[in-house]
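A.B. asks: Dumping the structure here so I can ask a few things about it.
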Amino acid sequence: MKKALDVEILGQRFTISSDAEEGYMLKVAGYVDGKMQELMQGAKPGAKSNVAMLAALNIADELHRLKDSHEAVLHRLDQLSKRIATRLTEEG
């Protein structure tokens, strides 16, 4: 069941709706707000749309780096699992 929650990002209130727990939604909104606050430090006044785009790009970069890392870990686990299975077969 979707729940609505009011959050504040870069001083602007938004209502978000999600099936996720309230604490998780607050964590995600806080993360986005934090990224935007970091970028606002060096931005010109009134550049919120540029800051939003840069924050989105930074977050997308983090996501893709984590996905690549995750895939590498899964690949390594698959290799190790196959080696273990081969050794167990050889010994059994």
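All residue names refer to the structure tokens as shown: chains lettered A, B, ... in order, residues numbered from 1 in each chain, ligands numbered from 1 in order.
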Could you give me, as a PyMOL selection string, the residues within 12 Å of A:Gln12, counting only C-alpha atoms and dropping anything in the same chain fewer than 4 positions from it?

C.D. replies: chain A and resi 6-8+29+33+36+48

A.B. asks: Quick one: residues within 12 Å of A:Leu26, only C-alpha atoms counted, chain neighbours fewer than 6 positions away excluded, as a list of chain:residue names?

C.D. replies: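 Non-adjacent residues within range: A:Ala4, A:Leu5, A:Asp6, A:Val7, A:Glu8, A:Ile9, A:Phe14, A:Thr15, A:Ile16, A:Ser17, A:Ser18, A:Ala20, A:Val32, A:Asp33, A:Gly34.
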
A.B. asks: Which one of A:Arg83, A:Lys35, A:Lys3, A:His64 sits closest to A:Ala52 if you count only C-alpha atoms?

C.D. replies: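 Closest residue, counting only C-alpha atoms: A:Lys35.
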
A.B. asks: One decimal, in Å: what's the spacing between atom CA of A:Leu57 and atom CA of A:Glu22?

C.D. replies: 25.2 Å

A.B. asks: Take atom CA of A:Gly46 and atom CA of A:Ala60 and report the distance between them in Å, one decimal.

C.D. replies: 23.3 Å
